[in-house]
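Enquirer: Below is the file protein33.cif, which contains mmCIF, C-alpha atoms.
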```cif
data_data
#
loop_
_atom_site.group_PDB
_atom_site.id
_atom_site.type_symbol
_atom_site.label_atom_id
_atom_site.label_comp_id
_atom_site.auth_asym_id
_atom_site.auth_seq_id
_atom_site.Cartn_x
_atom_site.Cartn_y
_atom_site.Cartn_z
ATOM 1 C CA MET A 1 151.609 52.112 138.298
ATOM 2 C CA SER A 2 148.110 52.015 136.816
ATOM 3 C CA GLU A 3 146.715 48.539 136.190
ATOM 4 C CA LEU A 4 144.860 50.013 133.237
ATOM 5 C CA ALA A 5 148.182 51.043 131.683
ATOM 6 C CA LEU A 6 149.626 47.542 132.066
ATOM 7 C CA GLU A 7 146.461 45.966 130.669
ATOM 8 C CA GLU A 8 146.487 48.333 127.706
ATOM 9 C CA LEU A 9 150.156 47.630 126.974
ATOM 10 C CA SER A 10 149.395 43.913 127.020
ATOM 11 C CA ALA A 11 146.445 44.359 124.654
ATOM 12 C CA VAL A 12 148.361 46.612 122.234
ATOM 13 C CA ALA A 13 151.336 44.211 122.220
ATOM 14 C CA ALA A 14 148.973 41.351 121.359
ATOM 15 C CA ILE A 15 147.507 43.305 118.430
ATOM 16 C CA TYR A 16 150.829 44.623 117.104
ATOM 17 C CA CYS A 17 152.719 41.371 117.508
ATOM 18 C CA GLY A 18 154.647 41.356 114.227
ATOM 19 C CA GLN A 19 158.417 41.795 114.139
ATOM 20 C CA GLY A 20 159.291 45.361 115.156
ATOM 21 C CA GLU A 21 155.650 46.444 115.506
ATOM 22 C CA CYS A 22 155.715 46.898 119.286
ATOM 23 C CA GLU A 23 158.819 47.572 121.376
ATOM 24 C CA VAL A 24 158.623 48.113 125.134
ATOM 25 C CA LEU A 25 161.262 50.677 126.084
ATOM 26 C CA HIS A 26 160.725 51.270 129.793
ATOM 27 C CA VAL A 27 158.517 50.010 132.619
ATOM 28 C CA SER A 28 158.780 51.651 136.038
ATOM 29 C CA GLU A 29 156.595 51.849 139.127
ATOM 30 C CA THR A 30 157.586 55.498 139.586
ATOM 31 C CA GLU A 31 158.012 56.724 135.996
ATOM 32 C CA GLY A 32 155.362 54.805 134.066
ATOM 33 C CA ILE A 33 155.588 52.921 130.776
ATOM 34 C CA SER A 34 157.188 53.826 127.437
ATOM 35 C CA PHE A 35 156.764 51.805 124.258
ATOM 36 C CA ARG A 36 157.054 52.302 120.506
ATOM 37 C CA ILE A 37 154.507 51.235 117.896
ATOM 38 C CA GLN A 38 155.555 50.886 114.259
ATOM 39 C CA THR A 39 152.750 50.705 111.737
ATOM 40 C CA SER A 40 152.214 51.252 108.023
ATOM 41 C CA VAL A 41 149.667 53.973 107.275
ATOM 42 C CA LYS A 42 148.206 55.319 104.042
ATOM 43 C CA GLY A 43 149.476 58.805 103.277
ATOM 44 C CA PRO A 44 148.696 61.279 100.473
ATOM 45 C CA LEU A 45 148.092 59.664 97.079
ATOM 46 C CA GLU A 46 147.621 56.333 98.908
ATOM 47 C CA THR A 47 151.369 55.971 99.475
ATOM 48 C CA ASP A 48 152.520 53.753 102.333
ATOM 49 C CA VAL A 49 154.039 55.685 105.239
ATOM 50 C CA LEU A 50 155.942 53.785 107.938
ATOM 51 C CA LEU A 51 154.955 55.595 111.117
ATOM 52 C CA LYS A 52 156.740 55.213 114.455
ATOM 53 C CA LEU A 53 154.734 56.332 117.482
ATOM 54 C CA LEU A 54 156.361 56.601 120.904
ATOM 55 C CA PHE A 55 153.894 56.546 123.791
ATOM 56 C CA SER A 56 154.956 57.437 127.337
ATOM 57 C CA LEU A 57 152.221 56.645 129.862
ATOM 58 C CA PRO A 58 152.715 58.399 133.224
ATOM 59 C CA VAL A 59 151.919 56.581 136.460
ATOM 60 C CA SER A 60 148.614 58.475 136.701
ATOM 61 C CA TYR A 61 147.491 57.440 133.161
ATOM 62 C CA PRO A 62 144.738 57.561 131.951
ATOM 63 C CA SER A 63 143.859 60.387 134.350
ATOM 64 C CA THR A 64 146.895 62.114 132.813
ATOM 65 C CA LEU A 65 147.319 62.231 129.041
ATOM 66 C CA PRO A 66 150.208 60.288 127.507
ATOM 67 C CA ASN A 67 153.246 61.945 125.971
ATOM 68 C CA ILE A 68 153.480 61.153 122.270
ATOM 69 C CA SER A 69 156.361 61.425 119.805
ATOM 70 C CA VAL A 70 156.039 60.841 116.056
ATOM 71 C CA TYR A 71 158.733 59.887 113.547
ATOM 72 C CA SER A 72 158.735 58.771 109.918
ATOM 73 C CA GLU A 73 161.381 58.843 107.217
ATOM 74 C CA GLN A 74 158.620 59.535 104.674
ATOM 75 C CA LEU A 75 157.455 62.695 106.470
ATOM 76 C CA THR A 76 159.213 65.969 107.183
ATOM 77 C CA ARG A 77 159.816 67.011 110.756
ATOM 78 C CA THR A 78 157.118 69.689 110.387
ATOM 79 C CA GLN A 79 154.615 67.062 109.248
ATOM 80 C CA CYS A 80 155.556 64.805 112.168
ATOM 81 C CA MET A 81 154.915 67.710 114.540
ATOM 82 C CA ALA A 82 151.517 68.317 112.918
ATOM 83 C CA VAL A 83 150.622 64.638 113.394
ATOM 84 C CA LYS A 84 151.709 64.790 117.039
ATOM 85 C CA GLU A 85 149.584 67.875 117.722
ATOM 86 C CA ARG A 86 146.497 66.272 116.183
ATOM 87 C CA LEU A 87 147.055 63.062 118.166
ATOM 88 C CA LEU A 88 147.268 65.040 121.406
ATOM 89 C CA GLU A 89 144.048 66.854 120.499
ATOM 90 C CA GLU A 90 142.359 63.516 119.841
ATOM 91 C CA ALA A 91 143.715 62.147 123.146
ATOM 92 C CA LYS A 92 141.793 64.825 125.049
ATOM 93 C CA ARG A 93 138.561 63.310 123.751
ATOM 94 C CA HIS A 94 139.443 60.036 125.498
ATOM 95 C CA PHE A 95 140.564 61.579 128.781
ATOM 96 C CA SER A 96 140.422 59.170 131.760
ATOM 97 C CA GLN A 97 139.937 56.184 129.418
ATOM 98 C CA PRO A 98 142.524 53.796 127.904
ATOM 99 C CA MET A 99 143.226 55.420 124.559
ATOM 100 C CA VAL A 100 146.401 54.181 122.869
ATOM 101 C CA HIS A 101 144.723 51.710 120.514
ATOM 102 C CA GLU A 102 142.019 54.252 119.697
ATOM 103 C CA LEU A 103 144.705 56.823 118.820
ATOM 104 C CA ILE A 104 146.527 54.350 116.573
ATOM 105 C CA LEU A 105 143.315 53.523 114.717
ATOM 106 C CA TRP A 106 142.488 57.214 114.432
ATOM 107 C CA ILE A 107 145.835 58.146 112.876
ATOM 108 C CA GLN A 108 145.621 55.195 110.473
ATOM 109 C CA GLU A 109 142.382 56.676 109.163
ATOM 110 C CA ASN A 110 143.367 60.346 109.205
ATOM 111 C CA LEU A 111 147.099 60.624 108.451
ATOM 112 C CA LYS A 112 146.685 61.505 104.784
ATOM 113 C CA TYR A 113 144.244 64.321 105.579
ATOM 114 C CA ILE A 114 146.559 65.793 108.231
ATOM 115 C CA VAL A 115 149.559 65.726 105.872
ATOM 116 C CA GLU A 116 147.570 67.217 102.989
ATOM 117 C CA GLN A 117 146.255 69.990 105.236
ATOM 118 C CA ASP A 118 149.775 70.698 106.531
ATOM 119 C CA GLU A 119 151.157 70.918 102.970
ATOM 120 C CA THR A 120 148.386 73.349 101.982
ATOM 121 C CA SER A 121 149.057 75.553 105.012
ATOM 122 C CA ALA A 122 152.794 75.459 104.380
ATOM 123 C CA CYS A 123 152.401 76.552 100.758
ATOM 124 C CA SER A 124 150.162 79.498 101.646
ATOM 125 C CA ALA A 125 152.509 80.679 104.399
ATOM 126 C CA ARG A 126 155.876 79.920 102.769
ATOM 127 C CA SER A 127 156.386 83.294 101.111
ATOM 128 C CA THR A 128 155.591 85.263 104.256
ATOM 129 C CA LEU A 129 157.670 83.042 106.514
ATOM 130 C CA SER A 130 160.625 83.085 104.128
ATOM 131 C CA THR A 131 160.635 86.881 104.006
ATOM 132 C CA LYS A 132 160.356 87.121 107.783
ATOM 133 C CA ALA A 133 163.181 84.642 108.310
ATOM 134 C CA THR A 134 165.467 86.536 105.973
ATOM 135 C CA THR A 135 164.658 89.859 107.618
ATOM 136 C CA ASP A 136 164.585 88.882 111.282
ATOM 137 C CA ASN A 137 166.584 85.695 111.498
ATOM 138 C CA GLY A 138 169.771 86.258 109.551
ATOM 139 C CA VAL A 139 172.035 83.519 108.280
ATOM 140 C CA SER A 140 174.271 81.489 110.605
ATOM 141 C CA THR A 141 177.339 79.428 109.779
ATOM 142 C CA VAL A 142 178.404 76.673 112.179
ATOM 143 C CA LEU A 143 181.384 74.307 112.166
ATOM 144 C CA LEU A 144 181.106 71.082 114.181
ATOM 145 C CA HIS A 145 183.685 68.429 115.023
ATOM 146 C CA LEU A 146 182.671 64.811 115.710
ATOM 147 C CA ASP A 147 184.894 62.362 117.553
ATOM 148 C CA HIS A 148 183.563 59.318 115.711
ATOM 149 C CA MET A 149 180.628 57.956 113.705
ATOM 150 C CA ARG A 150 179.985 54.238 114.128
ATOM 151 C CA ALA A 151 176.723 53.885 112.178
ATOM 152 C CA LYS A 152 178.006 56.067 109.355
ATOM 153 C CA GLU A 153 175.368 55.379 106.707
ATOM 154 C CA LYS A 154 172.404 55.889 109.038
ATOM 155 C CA TYR A 155 174.052 58.869 110.752
ATOM 156 C CA VAL A 156 174.699 60.715 107.486
ATOM 157 C CA LYS A 157 171.201 59.921 106.204
ATOM 158 C CA THR A 158 169.670 61.352 109.384
ATOM 159 C CA VAL A 159 171.767 64.530 109.198
ATOM 160 C CA GLY A 160 170.769 64.949 105.549
ATOM 161 C CA LYS A 161 167.072 64.647 106.416
ATOM 162 C CA TRP A 162 167.367 67.189 109.221
ATOM 163 C CA CYS A 163 169.084 69.623 106.867
ATOM 164 C CA ALA A 164 166.460 69.109 104.168
ATOM 165 C CA ASP A 165 163.614 69.654 106.654
ATOM 166 C CA LEU A 166 165.246 72.778 108.104
ATOM 167 C CA ARG A 167 166.488 74.131 104.737
ATOM 168 C CA ILE A 168 170.111 74.011 105.820
ATOM 169 C CA THR A 169 172.961 73.594 103.338
ATOM 170 C CA GLY A 170 176.588 72.629 103.806
ATOM 171 C CA ARG A 171 178.937 69.674 104.061
ATOM 172 C CA VAL A 172 179.667 66.578 106.093
ATOM 173 C CA MET A 173 183.423 66.154 105.595
ATOM 174 C CA PHE A 174 185.477 63.036 106.220
ATOM 175 C CA MET A 175 189.276 62.865 106.105
ATOM 176 C CA GLY A 176 190.697 59.733 107.622
ATOM 177 C CA LYS A 177 189.313 59.561 111.163
ATOM 178 C CA MET A 178 188.477 63.270 111.206
ATOM 179 C CA ILE A 179 184.825 64.306 110.823
ATOM 180 C CA PHE A 180 183.604 67.879 110.401
ATOM 181 C CA ILE A 181 180.127 69.226 109.693
ATOM 182 C CA LEU A 182 179.970 72.699 108.141
ATOM 183 C CA LEU A 183 176.444 74.104 107.856
ATOM 184 C CA GLN A 184 174.695 77.314 106.920
ATOM 185 C CA GLY A 185 171.056 78.332 107.358
ATOM 186 C CA ASP A 186 168.665 80.592 109.188
ATOM 187 C CA LYS A 187 169.716 81.155 112.783
ATOM 188 C CA SER A 188 166.625 79.446 114.221
ATOM 189 C CA SER A 189 167.130 76.460 111.899
ATOM 190 C CA ILE A 190 170.754 76.059 112.970
ATOM 191 C CA LYS A 191 169.679 76.255 116.610
ATOM 192 C CA GLU A 192 167.033 73.581 116.052
ATOM 193 C CA TYR A 193 169.563 71.409 114.220
ATOM 194 C CA LEU A 194 171.967 71.574 117.169
ATOM 195 C CA VAL A 195 169.187 70.511 119.531
ATOM 196 C CA LEU A 196 168.400 67.522 117.297
ATOM 197 C CA GLN A 197 172.081 66.640 116.994
ATOM 198 C CA LYS A 198 172.548 66.540 120.759
ATOM 199 C CA THR A 199 169.260 64.964 121.844
ATOM 200 C CA SER A 200 168.492 62.344 119.159
ATOM 201 C CA LYS A 201 169.783 58.769 119.154
ATOM 202 C CA VAL A 202 171.656 59.218 115.915
ATOM 203 C CA ASP A 203 174.551 56.760 116.412
ATOM 204 C CA VAL A 204 175.281 53.432 118.134
ATOM 205 C CA ASP A 205 177.629 52.657 121.018
ATOM 206 C CA SER A 206 180.340 49.981 121.152
ATOM 207 C CA ARG A 207 177.657 47.347 121.825
ATOM 208 C CA GLY A 208 175.576 48.384 118.828
ATOM 209 C CA LYS A 209 172.899 50.043 120.969
ATOM 210 C CA LYS A 210 171.368 53.305 119.758
ATOM 211 C CA CYS A 211 172.816 56.316 121.557
ATOM 212 C CA LYS A 212 172.853 60.103 121.578
ATOM 213 C CA GLU A 213 175.791 62.125 120.242
ATOM 214 C CA LYS A 214 177.928 63.072 123.243
ATOM 215 C CA MET A 215 181.271 63.646 121.494
ATOM 216 C CA ILE A 216 180.471 66.706 119.404
ATOM 217 C CA SER A 217 182.115 70.122 119.627
ATOM 218 C CA VAL A 218 180.897 73.430 118.203
ATOM 219 C CA LEU A 219 184.159 74.893 116.902
ATOM 220 C CA PHE A 220 182.698 78.032 115.358
ATOM 221 C CA GLU A 221 179.363 79.787 114.947
ATOM 222 C CA THR A 222 178.658 83.208 113.518
ATOM 223 C CA LYS A 223 175.911 85.253 111.931
ATOM 224 C CA ALA A 224 176.280 86.440 108.330
ATOM 225 C CA GLN A 225 174.335 88.641 105.924
ATOM 226 C CA ALA A 226 171.320 87.170 104.146
ATOM 227 C CA ASP A 227 173.143 87.304 100.797
ATOM 228 C CA ASP A 228 176.288 85.672 102.223
ATOM 229 C CA ARG A 229 175.239 82.088 101.596
ATOM 230 C CA ARG A 230 178.229 79.915 100.701
ATOM 231 C CA PHE A 231 176.454 76.637 99.815
ATOM 232 C CA GLN A 232 173.656 75.812 97.404
ATOM 233 C CA THR A 233 173.158 72.212 98.541
ATOM 234 C CA PHE A 234 173.908 69.734 101.316
ATOM 235 C CA GLU A 235 176.638 67.235 100.409
ATOM 236 C CA VAL A 236 178.694 64.464 101.988
ATOM 237 C CA LYS A 237 182.345 64.489 100.926
ATOM 238 C CA GLU A 238 185.456 62.447 101.644
ATOM 239 C CA TYR A 239 188.996 63.790 101.261
ATOM 240 C CA SER A 240 192.222 61.847 100.843
ATOM 241 C CA THR A 241 194.621 64.618 101.803
ATOM 242 C CA LEU A 242 194.789 67.694 103.984
ATOM 243 C CA ASP A 243 195.240 69.835 100.873
ATOM 244 C CA GLU A 244 191.914 68.610 99.467
ATOM 245 C CA LEU A 245 190.152 69.493 102.713
ATOM 246 C CA GLN A 246 191.781 72.912 102.788
ATOM 247 C CA SER A 247 190.753 73.552 99.183
ATOM 248 C CA GLU A 248 187.117 72.862 100.118
ATOM 249 C CA PHE A 249 187.187 75.635 102.719
ATOM 250 C CA GLU A 250 188.973 77.980 100.341
ATOM 251 C CA ALA A 251 186.458 77.309 97.556
ATOM 252 C CA VAL A 252 183.605 78.672 99.694
ATOM 253 C CA GLY A 253 185.602 81.601 101.073
ATOM 254 C CA LEU A 254 186.108 80.146 104.542
ATOM 255 C CA ALA A 255 189.864 79.575 104.519
ATOM 256 C CA GLU A 256 190.221 81.281 107.893
ATOM 257 C CA LEU A 257 188.035 78.605 109.496
ATOM 258 C CA PHE A 258 190.355 75.898 108.260
ATOM 259 C CA THR A 259 193.435 77.635 109.629
ATOM 260 C CA GLU A 260 191.986 78.664 112.973
ATOM 261 C CA PHE A 261 189.687 75.746 113.841
ATOM 262 C CA VAL A 262 190.358 72.688 111.666
ATOM 263 C CA LEU A 263 194.149 72.511 111.774
ATOM 264 C CA PRO A 264 194.305 72.465 115.612
ATOM 265 C CA GLN A 265 192.080 69.358 115.593
ATOM 266 C CA LEU A 266 194.611 67.515 113.429
ATOM 267 C CA LYS A 267 197.510 67.915 115.843
#
```
Produce structure tokens that represent the structure in this file.
Expert:
Amino acid sequence: MSELALEELSAVAAIYCGQGECEVLHVSETEGISFRIQTSVKGPLETDVLLKLLFSLPVSYPSTLPNISVYSEQLTRTQCMAVKERLLEEAKRHFSQPMVHELILWIQENLKYIVEQDETSACSARSTLSTKATTDNGVSTVLLHLDHMRAKEKYVKTVGKWCADLRITGRVMFMGKMIFILLQGDKSSIKEYLVLQKTSKVDVDSRGKKCKEKMISVLFETKAQADDRRFQTFEVKEYSTLDELQSEFEAVGLAELFTEFVLPQLK
């Protein structure tokens, strides 16, 4: 492992020493170092944006660029991706030199400009992209079954944000211990949602440690016509009886899904 990487981690940890500001995730002689920095940055209109930056330094760092992940509840997933791309571009300017602190300072100064530029680009392209998605992508409906949801409030909030970012509508449905997620959106958006659902640490395990969703089943997925959208919004609903749950499926014209896929899960 590079001594420079260890020295830089020590220096960054000393600078970001407040509660939750720096969290070391992994240190390995063969895999390198991973740590998360949490910092408040000024966004558009001088709003405060809580930014979480995950740096993974390979064993050959800084001769090899770090991997960077970006997350913020105040930014959309598209905006987070734009921030990540700009950080990686900036990292190339510091190639072969310790760069993490420089990158943090750089994003603190430039976040609002990146987000504003991304919003401008998105507005100019939205009409074209929307038409293309409707023509080429089609609409997909997917029904998911979850075994459990320990961190319910956080889990549902995360799912809602994903759906908002990806323009997906539908329902998270609770009935007793049963949990179903019924979603509809462009095929590529549904595909991206499923990747997020299976690869993100969206829940906690029995010890309260963050974990990925491993107990999820895709019960049904199909492509529909562009004008066959059944939901206008994304909602979270709880049902007291089986009849109430069945009525929800019937109300959106998907009674056959309830009979063929939901009922077998209740036995």
Enquirer: Taking the file as I've supplied it (selection: the PyMOL selection byres ((chain A and resi 139-143) around 12)), which residues are included? Please answer as number ranges by chain.
Expert: A: 133-138, 144-146, 167-173, 179-191, 193-194, 216-231, 249, 252, 254, 257-258, 260-262
Enquirer: Generate a file of the selected residues that holds C-alpha atoms, formatted as a compact mmCIF listing (two decimals), in the coordinates of the input.
Expert:
```txt
# COMPACT_ATOMS: atom_id res chain seq x y z
CA ALA A 133 163.18 84.64 108.31
CA THR A 134 165.47 86.54 105.97
CA THR A 135 164.66 89.86 107.62
CA ASP A 136 164.58 88.88 111.28
CA ASN A 137 166.58 85.70 111.50
CA GLY A 138 169.77 86.26 109.55
CA LEU A 144 181.11 71.08 114.18
CA HIS A 145 183.68 68.43 115.02
CA LEU A 146 182.67 64.81 115.71
CA ARG A 167 166.49 74.13 104.74
CA ILE A 168 170.11 74.01 105.82
CA THR A 169 172.96 73.59 103.34
CA GLY A 170 176.59 72.63 103.81
CA ARG A 171 178.94 69.67 104.06
CA VAL A 172 179.67 66.58 106.09
CA MET A 173 183.42 66.15 105.60
CA ILE A 179 184.82 64.31 110.82
CA PHE A 180 183.60 67.88 110.40
CA ILE A 181 180.13 69.23 109.69
CA LEU A 182 179.97 72.70 108.14
CA LEU A 183 176.44 74.10 107.86
CA GLN A 184 174.70 77.31 106.92
CA GLY A 185 171.06 78.33 107.36
CA ASP A 186 168.66 80.59 109.19
CA LYS A 187 169.72 81.16 112.78
CA SER A 188 166.62 79.45 114.22
CA SER A 189 167.13 76.46 111.90
CA ILE A 190 170.75 76.06 112.97
CA LYS A 191 169.68 76.26 116.61
CA TYR A 193 169.56 71.41 114.22
CA LEU A 194 171.97 71.57 117.17
CA ILE A 216 180.47 66.71 119.40
CA SER A 217 182.12 70.12 119.63
CA VAL A 218 180.90 73.43 118.20
CA LEU A 219 184.16 74.89 116.90
CA PHE A 220 182.70 78.03 115.36
CA GLU A 221 179.36 79.79 114.95
CA THR A 222 178.66 83.21 113.52
CA LYS A 223 175.91 85.25 111.93
CA ALA A 224 176.28 86.44 108.33
CA GLN A 225 174.34 88.64 105.92
CA ALA A 226 171.32 87.17 104.15
CA ASP A 227 173.14 87.30 100.80
CA ASP A 228 176.29 85.67 102.22
CA ARG A 229 175.24 82.09 101.60
CA ARG A 230 178.23 79.92 100.70
CA PHE A 231 176.45 76.64 99.82
CA PHE A 249 187.19 75.64 102.72
CA VAL A 252 183.60 78.67 99.69
CA LEU A 254 186.11 80.15 104.54
CA LEU A 257 188.04 78.60 109.50
CA PHE A 258 190.36 75.90 108.26
CA GLU A 260 191.99 78.66 112.97
CA PHE A 261 189.69 75.75 113.84
CA VAL A 262 190.36 72.69 111.67
```
Enquirer: Could you name the residues that touch range 72-79 of chain A at 9 Å or less, counting only C-alpha atoms, but leaving out those on the same chain fewer than 6 positions away, as a PyMOL selection string?
Expert: chain A and resi 48-53+114-115+118-119+158+161-162+164-166
Enquirer: Applying 9 Å and all atoms listed in the file, which residues near Lys154 in chain A remain after dropping the ones on its own chain fewer than 3 positions away? List them as a list in words.
Expert: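 In the requested format, the answer is Ala151, Lys157, Thr158, Val159, Val202 and Asp203 of chain A.
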Enquirer: What does the structure give for the distance between CA of Arg86 in chain A and CA of Ser2 in chain A, in Å to one decimal?
Expert: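 Going from CA of Arg86 in chain A over to CA of Ser2 in chain A, I get 25.1 Å.
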Enquirer: Given the PyMOL selection byres ((chain A and resi 28) around 12) and the file above, list the residues it selects as a PyMOL selection string.
Expert: chain A and resi 1-2+5-6+24-27+29-35+56-59
Enquirer: What gap, in Å, lies between CA of Arg93 in chain A and CA of Asn67 in chain A?
Expert: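 Separation of CA of Arg93 in chain A and CA of Asn67 in chain A: 14.9 Å.
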Enquirer: Grab the CA of Leu54 in chain A to CA of Gln38 in chain A distance for me, in Å with one decimal place.
Expert: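 Taking CA of Leu54 in chain A as the start and CA of Gln38 in chain A as the end point, the length is 8.8 Å.
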Enquirer: Could you tell me, as a list in words, which residues have any atom at most 10 Å from (148.0, 64.8, 119.6), counting all atoms listed in the file?
Expert: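 So the residues meeting the distance criterion are Leu65, Pro66, Asn67, Ile68, Ser69, Val70, Met81, Ala82, Val83, Lys84, Glu85, Arg86, Leu87, Leu88, Glu89, Glu90, Ala91, Lys92, Leu103 and Ile107 of chain A.
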Enquirer: Starting from the shown file, work through the PyMOL selection byres ((chain A and resi 150) around 9) and note down what comes out as a PyMOL selection string.
Expert: chain A and resi 148-149+151-153+155+203-206+208
Enquirer: Taking into account all atoms listed in the file, which residue in the set A:Lys201, A:Leu45, A:Cys211, A:Phe55 is nearest to Glu23 in chain A?
Expert: A:Phe55
Enquirer: Closest to Glu238 in chain A among A:Cys80, A:Val12, A:Met175, A:Leu266, using all atoms listed in the file?
Expert: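 Result for the nearest residue to Glu238 in chain A: A:Met175.
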Enquirer: Find the residues around range 60-63 of chain A up to 6 Å (all atoms listed in the file counted), leave out those fewer than 5 positions away in its own chain, and share them as a JSON list (two decimals) with C-alpha atoms, in the frame of the given file.
Expert:
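Output file part.json follows:
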```
[["chain", "number", "residue", "atom", "x", "y", "z"],
["A", 96, "SER", "CA", 140.42, 59.17, 131.76],
["A", 97, "GLN", "CA", 139.94, 56.18, 129.42],
["A", 98, "PRO", "CA", 142.52, 53.80, 127.90]]
```
